[in-house]
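Below is one structure, written out as structure tokens; comments come after it.
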Amino acid sequence: MAENGVGSGIEAVVIGGSAGSLNVILNTLPLLTRQLKLSIIIVLHRKSSYDSSLANLLGGKTTLPVKEADEKEPILPGKIYLAPADYHLLIEKDKTFSLDYSEKIHYSRPSLDATFQTAAEVYRSGLAGLLLSGANSDGAEGLRSVKANGGLTAIQDPEDAEVSYMPDQALSKMKPDYLLSAKEIAGFLNDLSQARSTRNKGS
Amino acid sequence: MEYTVVQDEEIDILLLDLLERHGYDFTDYSKASLKRRINRLFSLDRFPSFAEFRFRLKNDPTYIRRFIEQITVPVTEMFRDPNFYRALREEVLPTLGTYPFIRIWHAGCSTGEEVYSMAILLKEANLFHKSLLYATDINPEVLEKARKGIFPLSQMKQYSENYILSGGKNDFSSYYSAIYDHAKFDASLNSKMIFSTHNLVSDRSFNEFQLILCRNVLIYFDRDLQSRVFKLFDDSLDHLGFLALGSKETIRFSGIASKYKQVGGKEKIWRKTV
Ligand SMILES: C[S@@+](CC[C@H](N)C(=O)[O-])C[C@H]1O[C@@H](n2cnc3c(N)ncnc32)[C@H](O)[C@@H]1O
């Protein structure tokens, strides 16, 4: 992908996951390049009682900075942000986060759709959306708007996902640019980051 | 959510109409949420075009009520964030208990679940008799519900769990009676509540309080508006009063931060020091 220029302008990646996705993330984080040029925004369905321990858990897997997104916080490259429990995480036009306590969507708060959709409208072709394993239909609509806004889309291969329902739902609504196995995800993200740094040097 | 139909520029137009025609100022609200709410309403009410949506909003006063109700996110829970309520019990109420009279302001109280939770805390601390709870919101519809103290029965299991986690020792169901699929809270609880509309954007300070709670409202405001509202709270808090915010809100970036000290450390409760 880096070679033929697809995805060379990716600035941010939104990764959404539900049941069966935590391990994928935990296994991916240690393999990420330390020169990450992108912002990674992770939205996971979880029990609200987990508190902030999830950010610590993820933070232990990488030397890259991992933190829960704060409202009004600017979204910076090289950082990994996690949607806080029990709020929807939205992206503002000036590339800052905002939080929203509105109704659950697909029984979920945070909702993957809300972050995918608002990020898609802000980053447009500069966004990549990646949807992982899950037992929920959240994320499918959102990923579709990533695509409709010119962004890059990837879905974890249902064959490979611990719970295939969520990838299947998305696949029934759209054709993503990539189907990835869990093992390929770190490489995919590193390539996007690499493509971005090459492009920046070139211009 | 459905597709985004109403675009940023159109939202600006609606907000200006609303301000000029009806005096509601949403121009300093965070845009991403507004845009989602407005588009949600647009599709819920099946408007064929933006022009018709705008016309309706401009000319139908009853529709304004619906608009306000839908745009302002009337979502809340009882004993949301049990640890927060535990901190109120353990670190705030003992101090308030030393005062002859306790005035509490719930700003942006929505349908009142937070206010009833507080009333239960006060009862259990034996402070209820000398307390007054002022509960305000921009949206008159939610206040109507709050006044009644009737909440869906289906929520009670969750609320009861939250209540116990917050340190509650009683049987939670002793506070309400079940009527069909609703839970009606004990009428004595709202005997000390005063409900009133109050717009944090445009209305002023109206009393002095020992505790102000404003949870999950400031996340919808931009930084400037947040600062103005913090000033309003500062003006409305007694010397050594407490300010309690939602779990993802902070006074750190506001002009009043230096006058306040966080209570405990984990929960979003600050105490005025001067
Ligand atoms: C998400 S609810 C929070 C309810 C409750 N405090 C809680 O944390 O569960 C936000 C509330 O803020 C109110 N609100 C929004 N803008 C306001 C304003 N300008 N003045 C007063 N209340 C406002 C809304 O009507 C809504 O009821």
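To be explicit about the labels: the chains of the structure tokens are called A, B, and onward in the order shown, and within each one the residues are counted from 1, while ligands get numbers from 1 in the order they are shown.
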- Message: Could you tell me which residues of chain B sit within 12 Å of chain A when counting only C-alpha atoms, and give me the result as an MDAnalysis selection string?
- Response: chainID B and resid 1:5 7:8 29:37 40 70:77 80:83 110 161:162 165 215:224 226 246:250 253 266:267
- Item | Polymer residues at most 10 Å from Gln35 in chain A, only C-alpha atoms, same-chain spacing of 3 or more positions, as number ranges by chain | A: 32, 38, 64, 77-78, 190, 193-194, 197
- Residues within 12 Å of Gly60 in chain A, only C-alpha atoms, excluding chain neighbours under 3 positions, as a ChimeraX atom specification: /A:25-27,29-30,53-57,63-67
Write a file of the just-selected residues containing C-alpha atoms, as an mmCIF file, in the first residue's frame.
```cif
data_model
loop_
_atom_site.group_PDB
_atom_site.id
_atom_site.type_symbol
_atom_site.label_atom_id
_atom_site.label_comp_id
_atom_site.auth_asym_id
_atom_site.auth_seq_id
_atom_site.Cartn_x
_atom_site.Cartn_y
_atom_site.Cartn_z
ATOM 1 C CA ILE A 25 -4.799 -4.690 20.623
ATOM 2 C CA LEU A 26 -2.571 -6.023 23.405
ATOM 3 C CA ASN A 27 -0.633 -8.110 20.898
ATOM 4 C CA LEU A 29 0.876 -2.515 20.597
ATOM 5 C CA PRO A 30 4.340 -3.970 21.330
ATOM 6 C CA SER A 53 -7.070 0.734 34.419
ATOM 7 C CA LEU A 54 -7.499 -0.097 30.746
ATOM 8 C CA ALA A 55 -5.245 2.794 29.734
ATOM 9 C CA ASN A 56 -2.624 1.477 32.140
ATOM 10 C CA LEU A 57 -2.959 -2.005 30.756
ATOM 11 C CA THR A 63 6.816 2.769 24.911
ATOM 12 C CA LEU A 64 4.551 5.081 22.933
ATOM 13 C CA PRO A 65 2.441 7.385 25.087
ATOM 14 C CA VAL A 66 -1.005 5.934 25.776
ATOM 15 C CA LYS A 67 -3.686 7.945 27.517
#
```
- Counting only C-alpha atoms, what is within 10 Å of Glu144 in chain B, bar same-chain residues fewer than 6 positions away, as a ChimeraX atom specification? /B:110-112,195-196
- Message: To test your reading of the structure, identify every residue in range 131-185 of chain B that backbone DSSP assigns to alpha helix (DSSP H), and report it as a ChimeraX atom specification.
- Response: /B:140-148,156-165
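In this comparison, which uses only C-alpha atoms and all ligand atoms, the residue of B:Met156, B:Ala135, B:Met193, B:Leu211 approaching ligand 1 most closely is B:Ala135.
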- Selection: 7 Å around Ile42 in chain A, only C-alpha atoms, excl. self and same-chain fewer than 6 positions, as a count of residues only: 6
- Could you tell me, as number ranges by chain, which residues of range 143-268 of chain B DSSP assigns to strand (DSSP E) when given the backbone? B: 150-152, 176-179, 182-185, 193-197, 209-214, 237-245, 260-262
- Item | Close residues, Arg21 in chain B itself excluded, 7 Å, only C-alpha atoms, min 3 positions apart in chain, as a PyMOL selection string | chain B and resi 17-18+58
